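Peer 1: What follows is coords-v4.txt, made up of compact mmCIF, C-alpha atoms and all ligand atoms:
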# COMPACT_ATOMS: atom_id res chain seq x y z
CA MET A 1403 -3.82 8.14 -19.24
CA THR A 1404 -4.60 4.86 -17.59
CA CYS A 1405 -6.26 4.33 -14.28
CA SER A 1406 -7.01 1.19 -12.31
CA SER A 1407 -10.75 1.73 -12.20
CA VAL A 1408 -11.88 -0.71 -9.55
CA GLN A 1409 -10.88 1.05 -6.35
CA VAL A 1410 -11.46 4.69 -7.21
CA GLN A 1411 -14.58 6.67 -6.59
CA PRO A 1412 -16.79 8.06 -9.38
CA TYR A 1413 -15.80 11.63 -8.41
CA LEU A 1414 -12.19 10.98 -9.42
CA LEU A 1415 -13.12 9.09 -12.58
CA GLU A 1416 -15.43 11.93 -13.66
CA ALA A 1417 -12.75 14.56 -13.01
CA LEU A 1418 -10.17 12.54 -14.96
CA GLU A 1419 -12.61 11.94 -17.82
CA GLU A 1420 -13.45 15.62 -18.01
CA LYS A 1421 -9.84 16.81 -18.22
CA PHE A 1422 -7.96 13.97 -19.93
CA THR A 1423 -8.43 11.06 -22.29
CA LEU A 1424 -8.99 8.28 -19.79
CA HIS A 1425 -8.43 4.58 -20.45
CA LYS A 1426 -9.69 2.48 -17.56
CA LEU A 1427 -7.75 -0.66 -16.79
CA ASP A 1428 -9.89 -3.10 -14.83
CA THR A 1429 -7.26 -4.92 -12.82
CA THR A 1430 -9.73 -7.62 -11.77
CA THR A 1431 -10.00 -8.69 -15.40
CA GLU A 1432 -8.29 -11.78 -16.86
CA PRO A 1433 -4.58 -11.24 -17.67
CA ASP A 1434 -5.29 -11.62 -21.42
CA LYS A 1435 -7.70 -8.72 -21.42
CA ALA A 1436 -5.28 -6.51 -19.47
CA ALA A 1437 -2.48 -7.40 -21.90
CA ARG A 1438 -4.75 -6.52 -24.86
CA PHE A 1439 -5.63 -3.25 -23.15
CA LEU A 1440 -1.95 -2.38 -22.77
CA ARG A 1441 -1.10 -3.37 -26.36
CA THR A 1442 -3.89 -1.11 -27.63
CA HIS A 1443 -3.06 1.94 -25.52
CA ARG A 1444 0.63 1.62 -24.68
CA ASP A 1445 1.87 4.37 -26.99
CA SER A 1446 -0.71 6.97 -26.05
CA ILE A 1447 -0.44 6.61 -22.27
CA ARG A 1448 1.50 9.50 -20.67
CA ALA A 1449 0.19 9.17 -17.13
CA VAL A 1450 -0.88 6.38 -14.79
CA VAL A 1451 -3.22 6.92 -11.87
CA GLY A 1452 -2.35 4.30 -9.26
CA THR A 1453 -3.94 3.34 -5.95
CA ALA A 1454 -2.85 1.76 -2.67
CA PHE A 1455 -3.68 -1.58 -4.30
CA VAL A 1456 -2.40 -1.26 -7.85
CA GLY A 1457 0.49 1.04 -8.69
CA ALA A 1458 3.09 0.91 -11.41
CA ASP A 1459 5.59 -1.91 -11.17
CA ALA A 1460 8.65 -2.37 -13.40
CA GLU A 1461 6.68 -4.58 -15.79
CA LEU A 1462 3.98 -1.95 -16.38
CA ILE A 1463 6.50 0.87 -16.65
CA ASP A 1464 8.47 -1.08 -19.25
CA GLN A 1465 5.34 -1.51 -21.34
CA LEU A 1466 4.60 2.22 -21.49
CA PRO A 1467 7.27 3.94 -23.58
CA ASN A 1468 5.73 7.40 -23.25
CA LEU A 1469 4.94 7.35 -19.55
CA GLU A 1470 5.76 10.69 -17.88
CA ILE A 1471 4.03 10.58 -14.50
CA VAL A 1472 2.44 8.23 -11.98
CA SER A 1473 -0.08 10.08 -9.83
CA SER A 1474 -1.09 7.83 -6.95
CA TYR A 1475 -4.47 8.04 -5.26
CA SER A 1476 -2.80 6.96 -2.00
CA VAL A 1477 -0.34 8.09 0.64
CA GLY A 1478 1.76 4.94 0.38
CA VAL A 1479 3.83 4.49 -2.76
CA ASP A 1480 4.99 0.94 -2.08
CA LYS A 1481 3.18 -0.34 -5.19
CA ILE A 1482 5.26 1.92 -7.44
CA ASP A 1483 8.78 1.03 -8.55
CA LEU A 1484 10.32 4.34 -7.47
CA ALA A 1485 13.87 3.39 -8.49
CA LYS A 1486 12.69 2.57 -12.01
CA CYS A 1487 10.74 5.84 -12.20
CA LYS A 1488 13.82 7.78 -11.08
CA GLU A 1489 15.98 6.00 -13.61
CA LYS A 1490 13.55 6.75 -16.45
CA GLY A 1491 12.78 10.33 -15.41
CA ILE A 1492 9.15 9.48 -14.64
CA ARG A 1493 7.60 11.74 -12.02
CA VAL A 1494 5.65 10.29 -9.08
CA THR A 1495 3.13 12.02 -6.82
CA ASN A 1496 1.04 10.84 -3.87
CA CYS A 1497 -1.64 12.19 -1.52
CA PRO A 1498 0.01 13.01 1.80
CA ASP A 1499 -1.59 14.74 4.79
CA VAL A 1500 -5.21 14.84 3.62
CA SER A 1501 -6.09 11.47 5.18
CA THR A 1502 -3.87 11.70 8.28
CA ASP A 1503 -6.75 12.41 10.67
CA ASP A 1504 -8.95 9.69 9.23
CA VAL A 1505 -6.27 7.01 9.38
CA ALA A 1506 -5.40 8.05 12.95
CA ASP A 1507 -9.10 7.99 13.87
CA LEU A 1508 -9.38 4.45 12.53
CA ALA A 1509 -6.31 3.37 14.51
CA LEU A 1510 -7.96 4.64 17.69
CA GLY A 1511 -11.20 2.96 16.65
CA LEU A 1512 -9.37 -0.34 16.29
CA MET A 1513 -7.66 0.05 19.67
CA LEU A 1514 -10.99 0.74 21.34
CA ALA A 1515 -12.83 -1.96 19.42
CA VAL A 1516 -10.30 -4.65 20.28
CA SER A 1517 -9.88 -3.58 23.92
CA ARG A 1518 -13.60 -3.22 24.60
CA ARG A 1519 -14.60 -6.14 22.31
CA LEU A 1520 -17.07 -3.86 20.53
CA CYS A 1521 -17.70 -6.19 17.57
CA PRO A 1522 -18.61 -9.40 19.46
CA ILE A 1523 -20.63 -7.39 21.97
CA ASP A 1524 -22.51 -5.72 19.13
CA ARG A 1525 -23.21 -9.21 17.76
CA TYR A 1526 -24.48 -10.23 21.22
CA VAL A 1527 -27.20 -7.60 20.90
CA ARG A 1528 -27.97 -8.22 17.21
CA SER A 1529 -28.34 -11.95 17.66
CA GLY A 1530 -30.96 -11.46 20.35
CA LEU A 1531 -28.76 -12.87 23.13
CA TRP A 1532 -29.27 -9.84 25.36
CA SER A 1533 -32.99 -10.48 25.69
CA LYS A 1534 -32.51 -14.28 25.72
CA LEU A 1535 -29.59 -14.63 28.15
CA GLY A 1536 -29.84 -11.36 30.03
CA ASP A 1537 -27.16 -8.77 30.61
CA TYR A 1538 -23.89 -9.14 28.86
CA LYS A 1539 -21.43 -10.79 31.21
CA LEU A 1540 -17.70 -10.50 31.52
CA THR A 1541 -17.18 -13.98 30.16
CA THR A 1542 -13.81 -14.95 28.76
CA LYS A 1543 -15.30 -14.82 25.25
CA PHE A 1544 -16.32 -11.18 25.50
CA PHE A 1545 -13.60 -10.14 27.92
CA SER A 1546 -13.55 -6.37 27.67
CA LYS A 1547 -10.48 -4.50 28.89
CA GLN A 1548 -9.88 -0.86 29.72
CA PHE A 1549 -8.24 1.19 26.99
CA SER A 1550 -7.65 4.48 28.83
CA GLY A 1551 -4.20 4.67 30.38
CA LYS A 1552 -2.71 1.78 28.43
CA THR A 1553 0.79 2.33 27.02
CA VAL A 1554 0.68 2.81 23.27
CA GLY A 1555 3.78 2.01 21.23
CA ILE A 1556 4.10 3.62 17.81
CA ILE A 1557 6.32 2.28 15.04
CA GLY A 1558 6.98 5.24 12.78
CA PRO A 1559 6.27 8.62 14.40
CA GLY A 1560 5.60 10.38 11.09
CA ASN A 1561 2.47 12.45 10.42
CA ILE A 1562 0.08 9.55 10.95
CA GLY A 1563 2.03 8.10 13.90
CA MET A 1564 2.05 11.48 15.63
CA ALA A 1565 -1.68 11.99 15.00
CA ILE A 1566 -2.31 8.61 16.63
CA ALA A 1567 -0.05 9.51 19.57
CA LYS A 1568 -1.88 12.81 20.09
CA ARG A 1569 -5.26 11.07 20.17
CA ALA A 1570 -4.04 8.30 22.50
CA GLU A 1571 -2.57 10.92 24.86
CA ALA A 1572 -6.07 12.34 25.26
CA PHE A 1573 -7.07 8.90 26.64
CA GLY A 1574 -4.29 9.17 29.24
CA CYS A 1575 -2.08 6.70 27.39
CA PRO A 1576 1.69 7.06 27.84
CA ILE A 1577 3.39 6.94 24.42
CA SER A 1578 6.52 5.05 23.42
CA TYR A 1579 7.92 4.92 19.91
CA PHE A 1580 10.45 3.30 17.66
CA SER A 1581 12.19 4.91 14.73
CA ARG A 1582 15.72 4.71 13.39
CA SER A 1583 16.73 7.70 15.52
CA GLN A 1584 15.18 9.79 18.30
CA LYS A 1585 12.83 12.51 17.04
CA PRO A 1586 12.97 16.03 18.52
CA ALA A 1587 9.17 16.26 18.05
CA CYS A 1588 8.76 13.24 20.36
CA ILE A 1589 10.49 14.81 23.36
CA ASN A 1590 7.62 13.79 25.66
CA TYR A 1591 7.56 10.23 24.43
CA ASN A 1592 9.68 7.29 25.45
CA TYR A 1593 12.16 6.25 22.73
CA CYS A 1594 12.83 2.54 22.24
CA PRO A 1595 15.87 1.67 20.14
CA THR A 1596 14.42 -1.61 18.82
CA VAL A 1597 10.96 -2.83 17.90
CA VAL A 1598 11.29 -5.76 20.33
CA ASP A 1599 12.10 -3.26 23.08
CA LEU A 1600 9.03 -1.21 22.14
CA ALA A 1601 6.79 -4.29 22.05
CA ALA A 1602 8.03 -5.42 25.45
CA ASN A 1603 7.24 -1.98 26.92
CA CYS A 1604 3.76 -1.25 25.59
CA ASP A 1605 0.24 -2.68 25.81
CA ILE A 1606 -0.86 -1.73 22.30
CA LEU A 1607 1.61 -1.67 19.42
CA VAL A 1608 0.67 0.31 16.31
CA VAL A 1609 2.33 -0.01 12.91
CA ALA A 1610 2.29 3.44 11.29
CA CYS A 1611 5.46 3.50 9.18
CA ALA A 1612 5.89 3.34 5.41
CA LEU A 1613 6.45 -0.04 3.79
CA THR A 1614 10.03 -0.33 2.54
CA PRO A 1615 12.38 -3.31 2.23
CA ASP A 1616 13.62 -2.39 5.76
CA THR A 1617 10.17 -2.45 7.35
CA ARG A 1618 8.84 -5.61 5.65
CA HIS A 1619 7.98 -8.09 8.43
CA ILE A 1620 8.96 -5.52 11.05
CA ILE A 1621 6.41 -7.44 13.14
CA ASN A 1622 7.94 -10.88 13.40
CA ARG A 1623 7.76 -13.69 15.95
CA ASP A 1624 10.18 -12.01 18.37
CA VAL A 1625 8.12 -8.81 18.36
CA ILE A 1626 4.86 -10.72 18.81
CA ASP A 1627 6.32 -12.71 21.70
CA ALA A 1628 7.57 -9.50 23.31
CA LEU A 1629 4.08 -7.97 23.02
CA GLY A 1630 2.68 -11.10 24.65
CA PRO A 1631 -0.67 -12.63 25.58
CA GLU A 1632 -2.03 -9.35 26.99
CA GLY A 1633 -0.74 -7.21 24.13
CA VAL A 1634 -2.65 -5.89 21.13
CA LEU A 1635 -1.30 -5.25 17.64
CA VAL A 1636 -2.89 -2.58 15.44
CA ASN A 1637 -1.84 -2.35 11.80
CA ILE A 1638 -2.98 0.60 9.72
CA GLY A 1639 0.22 0.52 7.60
CA ARG A 1640 0.57 -2.24 5.05
CA GLY A 1641 -0.03 -5.99 5.26
CA PRO A 1642 3.58 -6.96 4.53
CA HIS A 1643 4.74 -5.08 7.63
CA VAL A 1644 3.56 -8.16 9.52
CA ASP A 1645 4.64 -11.76 9.20
CA GLU A 1646 1.01 -12.80 8.85
CA ALA A 1647 1.55 -16.54 9.37
CA GLU A 1648 3.26 -15.77 12.70
CA LEU A 1649 0.47 -13.38 13.67
CA VAL A 1650 -2.24 -15.92 12.91
CA SER A 1651 -0.57 -18.69 14.89
CA ALA A 1652 0.13 -16.36 17.84
CA LEU A 1653 -3.55 -15.36 17.93
CA LEU A 1654 -4.79 -18.94 17.57
CA GLU A 1655 -2.43 -20.13 20.31
CA GLY A 1656 -3.28 -17.24 22.66
CA ARG A 1657 0.31 -15.93 22.58
CA LEU A 1658 -1.01 -12.50 21.53
CA GLY A 1659 -3.91 -10.72 23.24
CA GLY A 1660 -5.64 -9.31 20.16
CA ALA A 1661 -5.28 -7.48 16.88
CA GLY A 1662 -6.96 -4.67 14.95
CA LEU A 1663 -6.07 -4.99 11.29
CA ASP A 1664 -6.91 -2.69 8.40
CA VAL A 1665 -4.37 -4.22 6.02
CA PHE A 1666 -3.30 -7.72 5.00
CA GLN A 1667 -0.53 -9.50 3.20
CA ASP A 1668 -2.58 -10.55 0.15
CA GLU A 1669 -5.58 -8.22 -0.06
CA PRO A 1670 -8.46 -8.85 -0.43
CA ASN A 1671 -7.66 -12.30 0.95
CA VAL A 1672 -7.75 -12.45 4.74
CA PRO A 1673 -6.67 -15.57 6.66
CA GLU A 1674 -9.98 -17.29 7.44
CA GLU A 1675 -8.71 -18.58 10.79
CA LEU A 1676 -9.10 -14.99 12.02
CA PHE A 1677 -12.83 -14.90 11.27
CA LYS A 1678 -13.73 -16.88 14.38
CA LEU A 1679 -11.64 -14.86 16.83
CA ASP A 1680 -13.48 -12.33 19.01
CA ASN A 1681 -10.25 -10.59 19.99
CA VAL A 1682 -9.58 -9.57 16.38
CA VAL A 1683 -11.17 -6.72 14.42
CA LEU A 1684 -10.85 -6.85 10.64
CA MET A 1685 -11.22 -3.94 8.23
CA PRO A 1686 -10.97 -4.05 4.42
CA HIS A 1687 -8.16 -1.44 4.08
CA VAL A 1688 -10.37 1.59 4.73
CA GLY A 1689 -8.08 3.89 6.75
CA SER A 1690 -8.51 6.80 4.37
CA ALA A 1691 -11.96 5.82 3.15
CA THR A 1692 -13.98 8.82 4.27
CA VAL A 1693 -15.87 10.99 1.82
CA GLU A 1694 -13.80 13.98 2.89
CA ALA A 1695 -10.36 12.39 2.60
CA ARG A 1696 -11.11 10.62 -0.67
CA LYS A 1697 -12.34 13.84 -2.27
CA ALA A 1698 -9.22 15.70 -1.16
CA MET A 1699 -7.09 12.83 -2.47
CA ALA A 1700 -8.89 12.90 -5.83
CA ASP A 1701 -8.31 16.66 -6.07
CA LEU A 1702 -4.60 16.09 -5.44
CA VAL A 1703 -4.39 13.39 -8.12
CA VAL A 1704 -5.98 15.67 -10.69
CA GLY A 1705 -4.07 18.75 -9.47
CA ASN A 1706 -0.74 16.96 -9.82
CA LEU A 1707 -1.57 15.79 -13.34
CA GLU A 1708 -2.68 19.26 -14.39
CA ALA A 1709 0.47 20.81 -12.93
CA HIS A 1710 2.62 18.28 -14.75
CA PHE A 1711 1.00 18.82 -18.15
CA LEU A 1712 1.13 22.61 -17.69
CA ASN A 1713 4.83 22.42 -16.77
CA LYS A 1714 4.11 23.78 -13.30
CA PRO A 1715 5.62 22.54 -10.03
CA LEU A 1716 3.96 19.35 -8.81
CA LEU A 1717 1.78 19.75 -5.72
CA THR A 1718 3.02 16.69 -3.83
CA PRO A 1719 6.03 15.20 -5.58
CA VAL A 1720 7.65 11.95 -4.44
CA VAL A 1721 10.03 11.58 -7.38
O1 LIG B 1 -3.54 2.92 2.22
C1 LIG B 1 -3.88 3.99 1.85
C2 LIG B 1 -3.01 4.98 1.30
O2 LIG B 1 -1.82 4.71 1.11
O3 LIG B 1 -3.51 6.07 1.01
Output the file's structure in the form of structure tokens.
Ligand SMILES: O=CC(=O)O
Peer 2:
Amino acid sequence: MTCSSVQVQPYLLEALEEKFTLHKLDTTTEPDKAARFLRTHRDSIRAVVGTAFVGADAELIDQLPNLEIVSSYSVGVDKIDLAKCKEKGIRVTNCPDVSTDDVADLALGLMLAVSRRLCPIDRYVRSGLWSKLGDYKLTTKFFSKQFSGKTVGIIGPGNIGMAIAKRAEAFGCPISYFSRSQKPACINYNYCPTVVDLAANCDILVVACALTPDTRHIINRDVIDALGPEGVLVNIGRGPHVDEAELVSALLEGRLGGAGLDVFQDEPNVPEELFKLDNVVLMPHVGSATVEARKAMADLVVGNLEAHFLNKPLLTPVV
């Protein structure tokens, strides 16, 4: 079995080491070393443990002639070539549901942090400005805005989208949503048939859908312009959902009110222009990074592998 060892917690590595023969592929290593690793182990590898950052693309799959299963330590499976797996009869599993609450909590945290400018105001205290300059003032720089009651627009009312909607409702926020068709479970929410329509009719727009070819750059210039200079974008989905160059220029030019971002186009690289903006909150892709969720995810990864090798039904199959 191979596992990208840089983003997984020791608990998962220990469990994998205890139950399987584990070969750890350090994906931060030079390409030569990774190629040597694959040449050495290619025939013995029957399973790959992927992550939200490194999955199994066509090139990797083609190098592993005996690959039977990809068990991903993530909800999203956008880093796995699912069509290729299907074609080759390779099974794929992920970790749904166990991090839903944590990702939704982070989305709410980002909405609150951007609206109330929590990060720059925290820096105001840490840098000693409170005692030096006196009480924090409603200057343009730290302009804090009410979150309660704002209209929240959700792209993708799946498990995570609905968990976000439920939380935002508790803050008195009316909910609107976009998906390809109206959802019976969203009877109390306002359906918008296009993303531009949704952006034009909400204060805070949240990306909570899966990344597919259809949803790549679902946040483009038209959507950003519809959201406007008072609007806030929150992305807890995947970086490529957003046309990042458009987002950066909209924020720099004041055409968008703010952004709370947990994911980026080219992680771990974040556009440096964003670092100086007080209306932007940046997270290093940590939506599911709680001790509780990550343990449950690790248990699912191992449980799926055990089920596969014991010829039992997979716990959370994707393919
Ligand atoms: O991004 C995190 C995940 O897909 O679990």
Peer 1: What is the CA of Asn1622 in chain A-CA of Ala1601 in chain A distance in Å, reported with one decimal?
Peer 2: 10.9 Å
Peer 1: Contacts of Met1403 in chain A at 6 Å or less, counting only C-alpha atoms, minus same-chain residues fewer than 2 places along, as a ChimeraX atom specification?
Peer 2: /A:1424-1425,1447-1450
Peer 1: Could you please determine the separation between CA of Pro1686 in chain A and CA of Asp1664 in chain A in Å, to one decimal place?
Peer 2: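 Value for the CA of Pro1686 in chain A-CA of Asp1664 in chain A distance: 5.8 Å.
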Peer 1: So how many Å separate CA of Val1608 in chain A and CA of Tyr1475 in chain A, to one decimal?
Peer 2: 23.5 Å
Peer 1: Return as a PDB file with C-alpha atoms, keeping the file's coordinate frame the residues of protein, DNA or RNA that approach ligand LIG 1 (chain B) to within 6 Å, with only C-alpha atoms and all ligand atoms taken into account.
Peer 2:
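Listed below is the output, result-v4.pdb:
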ATOM      1  CA  ALA A1454      -2.850   1.760  -2.670  1.00  0.00           C
ATOM      2  CA  SER A1476      -2.800   6.960  -2.000  1.00  0.00           C
ATOM      3  CA  VAL A1477      -0.340   8.090   0.640  1.00  0.00           C
ATOM      4  CA  GLY A1478       1.760   4.940   0.380  1.00  0.00           C
ATOM      5  CA  SER A1690      -8.510   6.800   4.370  1.00  0.00           C
TER       6      SER A1690
END
Peer 1: As a compact mmCIF listing (two decimals) with C-alpha atoms, in the coordinates of the input, please: the residues near Leu1676 in chain A (cut-off 9 Å, only C-alpha atoms, same-chain neighbours under 4 positions excluded).
Peer 2:
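Final output, saved to result-v9.txt:
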# COMPACT_ATOMS: atom_id res chain seq x y z
CA VAL A 1650 -2.24 -15.92 12.91
CA LEU A 1653 -3.55 -15.36 17.93
CA LEU A 1654 -4.79 -18.94 17.57
CA VAL A 1672 -7.75 -12.45 4.74
CA ASP A 1680 -13.48 -12.33 19.01
CA VAL A 1682 -9.58 -9.57 16.38
CA VAL A 1683 -11.17 -6.72 14.42
CA LEU A 1684 -10.85 -6.85 10.64
Peer 1: Please put the answer as JSON: centre and edge lengths, in Å with one decimal, of a box along x, y and z that encloses all listed atoms of range 1621-1640 of chain A plus 5 Å on each side.
Peer 2:
{"center_x": 3.6, "center_y": -6.5, "center_z": 16.0, "size_x": 23.2, "size_y": 24.3, "size_z": 31.9}
Peer 1: Could you tell me which of A:Ser1578, A:Gln1411, A:Thr1430, A:Ser1583 comes closest to Val1554 in chain A if we count all atoms listed in the file?
Peer 2: A:Ser1578
Peer 1: Which residues come within 6 Å of range 1565-1576 of chain A, counting all atoms listed in the file, excluding same-chain residues fewer than 2 positions away, as a list in words?
Peer 2: Ala1506, Ser1550, Gly1551, Lys1552, Thr1553, Ile1562 and Gly1563 of chain A
Peer 1: Nearest residue to Gly1452 in chain A out of A:Ala1602, A:Ala1652, A:Ala1700, A:Leu1440, using only C-alpha atoms?
Peer 2: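 For Gly1452 in chain A, the nearest of the given residues is A:Ala1700.
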Peer 1: Give the answer as one residue: which of A:Ile1557, A:Ile1463, A:Leu1535, A:Ala1587 has the shortest atom-to-atom distance to His1643 in chain A, using all atoms listed in the file?
Peer 2: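 Smallest distance to His1643 in chain A is found for A:Ile1557.
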Peer 1: Name the residues in contact with Leu1663 in chain A at a cut-off of 10 Å, using all atoms listed in the file, excluding same-chain residues fewer than 3 positions from it; report them as a list in words.
Peer 2: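 In the requested format, the answer is Ala1509, Leu1512, Met1513, Val1516, Val1608, Val1609, Leu1635, Val1636, Asn1637, Ile1638, Gly1639, Arg1640, Gly1641, Gly1660, Phe1666, Val1682, Val1683, Leu1684, Met1685, Pro1686 and His1687 of chain A.
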Peer 1: Restricting the calculation to only C-alpha atoms: of A:Gln1465, A:Ser1529, A:Thr1617, A:Thr1453, which residue gets closest to Ala1436 in chain A?
Peer 2: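 For Ala1436 in chain A, the nearest of the given residues is A:Gln1465.
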Peer 1: So which one's closest to Gly1705 in chain A, A:Ile1621, A:Ser1474, A:Asp1428, A:Thr1423? Using all atoms listed in the file, please.
Peer 2: A:Ser1474
Peer 1: Which one of A:Thr1692, A:Thr1442, A:Ser1546, A:Gln1667 sits closest to Asp1645 in chain A if you count all atoms listed in the file?
Peer 2: A:Gln1667
